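Written out below as structure tokens is the structure these notes cover.
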Amino acid sequence: MNDWTIEGLDGVELSARAGRIDASNGYEMRIAVRYDGNGAIAAGRIRCNGAMVRVEPVLRPLPVGAATPEVDHIISLAPADGPLAGTPWERVADLGSRGAVLRSKLDLPSSDRADAAAPLVLSFELGNKGDAALKIVGVPVHALTSASHLRIGVRVDGGAITVLDYETHGRSDEWKANVISNTAVRTLKLGMLAAGRHEIELFAMDPGFLLDRIDVRLDGAPDYYGAPPIR
């Protein structure tokens with residue numbers, strides 16, 4: 001067991017200034033740092049098991065459109081917050097886990113060709129390389145008509161398009177589980193991703209699909225009931 005303390009770092013609010021790391025938490029602990037934008041931040045020190053590390057805070061403004069920060073090894077993206085011009089997606093308020101969802105337009109013709117319509121484009125950045133998976137979360141609905149489905153195409157970093165089908169039938173066990181959790185989930189394994197910027201393209205293939213959020217899950221990500229924290 002290793003007890004740790006943080007000294008200094010005046011000017012920011014820390015979620016903890018002391019604690020213990022051991023096998024029960026995987027010898028890892030994350031500390032949330034809040035800064036109100038006013039004043040300077042003093043240097044600090046982290047002491048643990050007789051060792052000391054000096055911390056020099058550096059403030060860098062996030063660029064416009066920067067990806068959601070990683071929290072608990074998860075980058076959670078809210079597609080409804082982004083631009084939609086030229087795409088077959090529309091924003092629907094007061095639904096989903098982030099206050100709004102995207103719906104593929106009701107007049108969109110179904111197509112077996114994934115890239116028949118312009119994609120919705122989202123991006124995220126990794127600070128370090130790591131094994132990753134996309135958890136693509138929709139709101140449970142049935143296909144709009146008997147002639148359509150509930151498919152989307154997903155392409156990452158310009159690679160091949162993967163088609164994901166969310167269609168369920170009647171009151172199947174999957175439909176019941178989806179309704180209880182208010183989610184319909186498909187997961188796409190990405191393998192090892194390099195540090196830096198990555199791009200996700202989402203292609204609507206059928207009308208009426210409701211897209212809630214996309215969670216980029218990295219090694220060590222915990223399972224949450226509901227949406228993961230974003231800060």
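The chains in the structure tokens are called A, B, ... from first to last as shown; in each chain the residues are counted from 1, and the ligands are counted from 1 in the order shown.
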Secondary structure check, strand (DSSP E) residues of range 93-179 of chain A, as a ChimeraX atom specification
/A:93,100-104,120-126,130-138,151-156,162-165
Please identify all polymer residues within 8 Å of Gly153 in chain A, counting only C-alpha atoms, omitting same-chain residues fewer than 2 positions from it, and present them as a PyMOL selection string.
chain A and resi 114-115+151+155+161-164+201-205
May I ask which of the residues A:Ile41, A:Leu211, A:Val55, A:Leu134 is the closest one to Gly191 in chain A, counting only C-alpha atoms?
A:Leu134
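The protein and nucleic acid residues lying at most 12 Å from Asp94 in chain A are Ala80, Ala100, Val101, Leu102 and Asp212 of chain A, with only C-alpha atoms considered and sequence neighbours fewer than 6 positions away removed.
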Write out, as an mmCIF file, in the first residue's frame, the residues just selected, with C-alpha atoms.
```cif
data_model
loop_
_atom_site.group_PDB
_atom_site.id
_atom_site.type_symbol
_atom_site.label_atom_id
_atom_site.label_comp_id
_atom_site.auth_asym_id
_atom_site.auth_seq_id
_atom_site.Cartn_x
_atom_site.Cartn_y
_atom_site.Cartn_z
ATOM 1 C CA ALA A 80 -26.189 16.091 -31.380
ATOM 2 C CA ALA A 100 -30.671 15.518 -27.317
ATOM 3 C CA VAL A 101 -30.217 12.844 -29.984
ATOM 4 C CA LEU A 102 -29.831 12.717 -33.731
ATOM 5 C CA ASP A 212 -27.639 9.035 -28.689
#
```
Range 3-177 of chain A: which residues are alpha helix (DSSP H) by DSSP, as a list in words?
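Answer for range 3-177 of chain A, restricted to alpha helix (DSSP H): Asp173, Glu174, Trp175, Lys176 and Ala177 of chain A.
In this model, the gap between CA of Ala132 in chain A and CA of Ile200 in chain A comes to 13.1 Å.
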Taking only C-alpha atoms into account, name the residue in A:Cys48, A:Asp215, A:Gly138, A:Gly39 that is nearest to Thr183 in chain A.
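Of A:Cys48, A:Asp215, A:Gly138, A:Gly39, the one nearest Thr183 in chain A, counting only C-alpha atoms, is A:Gly138.
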Which one of A:Arg45, A:Lys129, A:Arg91, A:Lys189 sits closest to Leu9 in chain A if you count only C-alpha atoms?
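Of the candidates, the smallest distance to Leu9 in chain A is held by A:Arg45.
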Using only C-alpha atoms for the distances, tell me which of A:Ala147, A:Val141, A:Val33, A:Ile152 is nearest to Gly170 in chain A.
A:Val141
Using only C-alpha atoms, which of A:Pro83, A:Gly130, A:Pro140, A:Gly44 sits nearest Glu56 in chain A?
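For Glu56 in chain A, the nearest of the given residues is A:Gly44.
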Need to verify the contact set: Ile21 in chain A, 9 Å, only C-alpha atoms, exclusion of same-chain residues closer than 6 positions in sequence. Can you return it as a list in words?
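Returned residues: Met1, Asn2, Asp3, Trp4, Tyr27, Glu28 and Met29 of chain A.
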Can you write out the residues you just picked, keeping all heavy atoms, as an mmCIF file, in the first residue's frame?
```cif
data_model
loop_
_atom_site.group_PDB
_atom_site.id
_atom_site.type_symbol
_atom_site.label_atom_id
_atom_site.label_comp_id
_atom_site.auth_asym_id
_atom_site.auth_seq_id
_atom_site.Cartn_x
_atom_site.Cartn_y
_atom_site.Cartn_z
ATOM 1 N N MET A 1 0.845 -1.187 0.000
ATOM 2 C CA MET A 1 0.000 0.000 0.000
ATOM 3 C C MET A 1 0.887 1.246 0.000
ATOM 4 O O MET A 1 1.936 1.276 0.633
ATOM 5 C CB MET A 1 -0.921 0.020 1.222
ATOM 6 C CG MET A 1 -1.950 -1.110 1.229
ATOM 7 S SD MET A 1 -3.058 -1.018 2.657
ATOM 8 C CE MET A 1 -1.899 -1.323 3.988
ATOM 9 N N ASN A 2 0.438 2.281 -0.716
ATOM 10 C CA ASN A 2 1.206 3.507 -0.838
ATOM 11 C C ASN A 2 0.284 4.696 -0.588
ATOM 12 O O ASN A 2 -0.675 4.918 -1.340
ATOM 13 C CB ASN A 2 1.815 3.610 -2.239
ATOM 14 C CG ASN A 2 2.797 2.484 -2.520
ATOM 15 O OD1 ASN A 2 3.896 2.477 -2.008
ATOM 16 N ND2 ASN A 2 2.374 1.516 -3.323
ATOM 17 N N ASP A 3 0.567 5.448 0.460
ATOM 18 C CA ASP A 3 -0.189 6.664 0.742
ATOM 19 C C ASP A 3 0.434 7.823 -0.020
ATOM 20 O O ASP A 3 1.661 7.920 -0.146
ATOM 21 C CB ASP A 3 -0.176 6.963 2.239
ATOM 22 C CG ASP A 3 -0.935 5.910 3.033
ATOM 23 O OD1 ASP A 3 -1.994 5.462 2.545
ATOM 24 O OD2 ASP A 3 -0.462 5.532 4.116
ATOM 25 N N TRP A 4 -0.404 8.711 -0.542
ATOM 26 C CA TRP A 4 0.087 9.857 -1.293
ATOM 27 C C TRP A 4 -0.599 11.134 -0.825
ATOM 28 O O TRP A 4 -1.726 11.097 -0.293
ATOM 29 C CB TRP A 4 -0.139 9.675 -2.799
ATOM 30 C CG TRP A 4 -1.585 9.492 -3.187
ATOM 31 C CD1 TRP A 4 -2.261 8.322 -3.334
ATOM 32 C CD2 TRP A 4 -2.540 10.534 -3.456
ATOM 33 N NE1 TRP A 4 -3.569 8.550 -3.666
ATOM 34 C CE2 TRP A 4 -3.769 9.910 -3.751
ATOM 35 C CE3 TRP A 4 -2.468 11.925 -3.473
ATOM 36 C CZ2 TRP A 4 -4.923 10.642 -4.075
ATOM 37 C CZ3 TRP A 4 -3.615 12.648 -3.790
ATOM 38 C CH2 TRP A 4 -4.827 12.011 -4.080
ATOM 39 N N TYR A 27 -3.500 0.257 -8.421
ATOM 40 C CA TYR A 27 -2.396 1.205 -8.250
ATOM 41 C C TYR A 27 -2.565 2.420 -9.171
ATOM 42 O O TYR A 27 -1.608 2.933 -9.740
ATOM 43 C CB TYR A 27 -1.043 0.519 -8.500
ATOM 44 C CG TYR A 27 -0.761 -0.560 -7.488
ATOM 45 C CD1 TYR A 27 -1.047 -1.884 -7.774
ATOM 46 C CD2 TYR A 27 -0.253 -0.246 -6.227
ATOM 47 C CE1 TYR A 27 -0.812 -2.891 -6.837
ATOM 48 C CE2 TYR A 27 -0.015 -1.236 -5.280
ATOM 49 C CZ TYR A 27 -0.307 -2.549 -5.588
ATOM 50 O OH TYR A 27 -0.084 -3.532 -4.647
ATOM 51 N N GLU A 28 -3.792 2.844 -9.283
ATOM 52 C CA GLU A 28 -4.086 4.001 -10.133
ATOM 53 C C GLU A 28 -5.240 4.796 -9.520
ATOM 54 O O GLU A 28 -6.218 4.217 -9.030
ATOM 55 C CB GLU A 28 -4.473 3.543 -11.546
ATOM 56 C CG GLU A 28 -4.850 4.675 -12.482
ATOM 57 C CD GLU A 28 -5.228 4.163 -13.864
ATOM 58 O OE1 GLU A 28 -4.322 4.005 -14.706
ATOM 59 O OE2 GLU A 28 -6.418 3.899 -14.094
ATOM 60 N N MET A 29 -5.134 6.115 -9.547
ATOM 61 C CA MET A 29 -6.214 6.970 -9.076
ATOM 62 C C MET A 29 -6.246 8.225 -9.930
ATOM 63 O O MET A 29 -5.200 8.815 -10.212
ATOM 64 C CB MET A 29 -6.032 7.332 -7.603
ATOM 65 C CG MET A 29 -7.146 8.227 -7.050
ATOM 66 S SD MET A 29 -7.001 8.492 -5.258
ATOM 67 C CE MET A 29 -7.436 6.858 -4.668
#
```
Would you kindly return, as a PyMOL selection string, each protein, DNA or RNA residue with an atom no farther than 9 Å from any atom of Ala42 in chain A, considering only C-alpha atoms and excluding same-chain residues fewer than 3 positions away?
chain A and resi 8-12+56-57
Those residues you just picked out, can you put them in a file as a JSON list (two decimals), in the first residue's frame with all heavy atoms?
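result-v7.json was written with the following content:
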```json
[["chain", "number", "residue", "atom", "x", "y", "z"],
["A", 8, "GLY", "N", 0.56, 22.17, -2.31],
["A", 8, "GLY", "CA", 0.59, 23.29, -3.25],
["A", 8, "GLY", "C", -0.53, 23.22, -4.26],
["A", 8, "GLY", "O", -1.66, 22.84, -3.95],
["A", 9, "LEU", "N", -0.21, 23.59, -5.51],
["A", 9, "LEU", "CA", -1.21, 23.69, -6.58],
["A", 9, "LEU", "C", -2.36, 24.61, -6.17],
["A", 9, "LEU", "O", -3.53, 24.34, -6.47],
["A", 9, "LEU", "CB", -1.74, 22.31, -6.97],
["A", 9, "LEU", "CG", -0.79, 21.41, -7.77],
["A", 9, "LEU", "CD1", -1.45, 20.09, -8.11],
["A", 9, "LEU", "CD2", -0.32, 22.08, -9.04],
["A", 10, "ASP", "N", -2.02, 25.70, -5.46],
["A", 10, "ASP", "CA", -3.04, 26.68, -5.09],
["A", 10, "ASP", "C", -3.57, 27.35, -6.36],
["A", 10, "ASP", "O", -2.83, 27.64, -7.30],
["A", 10, "ASP", "CB", -2.43, 27.73, -4.16],
["A", 10, "ASP", "CG", -1.90, 27.10, -2.87],
["A", 10, "ASP", "OD1", -2.52, 26.14, -2.41],
["A", 10, "ASP", "OD2", -0.86, 27.58, -2.37],
["A", 11, "GLY", "N", -4.87, 27.61, -6.35],
["A", 11, "GLY", "CA", -5.49, 28.24, -7.51],
["A", 11, "GLY", "C", -6.39, 27.30, -8.29],
["A", 11, "GLY", "O", -7.10, 27.72, -9.19],
["A", 12, "VAL", "N", -6.35, 25.99, -7.97],
["A", 12, "VAL", "CA", -7.25, 25.02, -8.58],
["A", 12, "VAL", "C", -7.94, 24.22, -7.50],
["A", 12, "VAL", "O", -7.47, 24.13, -6.36],
["A", 12, "VAL", "CB", -6.51, 24.06, -9.54],
["A", 12, "VAL", "CG1", -5.92, 24.79, -10.73],
["A", 12, "VAL", "CG2", -5.45, 23.27, -8.81],
["A", 56, "GLU", "N", 4.42, 21.14, -12.31],
["A", 56, "GLU", "CA", 4.40, 22.50, -12.84],
["A", 56, "GLU", "C", 3.18, 22.64, -13.74],
["A", 56, "GLU", "O", 3.14, 22.10, -14.85],
["A", 56, "GLU", "CB", 5.67, 22.79, -13.65],
["A", 56, "GLU", "CG", 6.94, 22.80, -12.83],
["A", 56, "GLU", "CD", 7.11, 24.09, -12.03],
["A", 56, "GLU", "OE1", 6.27, 25.00, -12.20],
["A", 56, "GLU", "OE2", 8.08, 24.17, -11.26],
["A", 57, "PRO", "N", 2.13, 23.33, -13.30],
["A", 57, "PRO", "CA", 0.91, 23.44, -14.12],
["A", 57, "PRO", "C", 1.14, 24.28, -15.37],
["A", 57, "PRO", "O", 1.83, 25.30, -15.34],
["A", 57, "PRO", "CB", -0.09, 24.11, -13.18],
["A", 57, "PRO", "CG", 0.75, 24.85, -12.21],
["A", 57, "PRO", "CD", 2.01, 24.05, -12.03]]
```
In Å, how far is it from CA of Ala184 in chain A to CA of Leu218 in chain A?
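Taking CA of Ala184 in chain A as the start and CA of Leu218 in chain A as the end point, the length is 20.3 Å.
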Tell me which protein, DNA and RNA residues are within 9 Å of Ile75 in chain A, counting only C-alpha atoms, leaving out same-chain ones fewer than 4 positions away, and put them as a PyMOL selection string.
chain A and resi 67-71+124-126+214-218+228+230
Any chance you can output those residues with C-alpha atoms as a PDB file, in the first residue's frame?
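Final file, result.pdb:
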```pdb
ATOM      1  CA  ALA A  67     -12.896  16.389 -28.666  1.00  0.00           C
ATOM      2  CA  THR A  68     -14.453  15.623 -25.292  1.00  0.00           C
ATOM      3  CA  PRO A  69     -11.695  14.915 -22.729  1.00  0.00           C
ATOM      4  CA  GLU A  70     -11.011  11.347 -21.637  1.00  0.00           C
ATOM      5  CA  VAL A  71     -12.561  10.394 -18.290  1.00  0.00           C
ATOM      6  CA  PHE A 124     -11.485  12.704 -31.076  1.00  0.00           C
ATOM      7  CA  GLU A 125      -7.900  12.821 -29.893  1.00  0.00           C
ATOM      8  CA  LEU A 126      -5.909  10.289 -27.922  1.00  0.00           C
ATOM      9  CA  ILE A 214     -20.589   7.328 -29.078  1.00  0.00           C
ATOM     10  CA  ASP A 215     -18.221   6.151 -26.357  1.00  0.00           C
ATOM     11  CA  VAL A 216     -14.596   5.545 -27.330  1.00  0.00           C
ATOM     12  CA  ARG A 217     -13.595   2.945 -24.756  1.00  0.00           C
ATOM     13  CA  LEU A 218      -9.912   2.374 -24.010  1.00  0.00           C
ATOM     14  CA  PRO A 228     -20.259   7.718 -18.471  1.00  0.00           C
ATOM     15  CA  ILE A 230     -17.773  13.639 -19.239  1.00  0.00           C
TER      16      ILE A 230
END
```
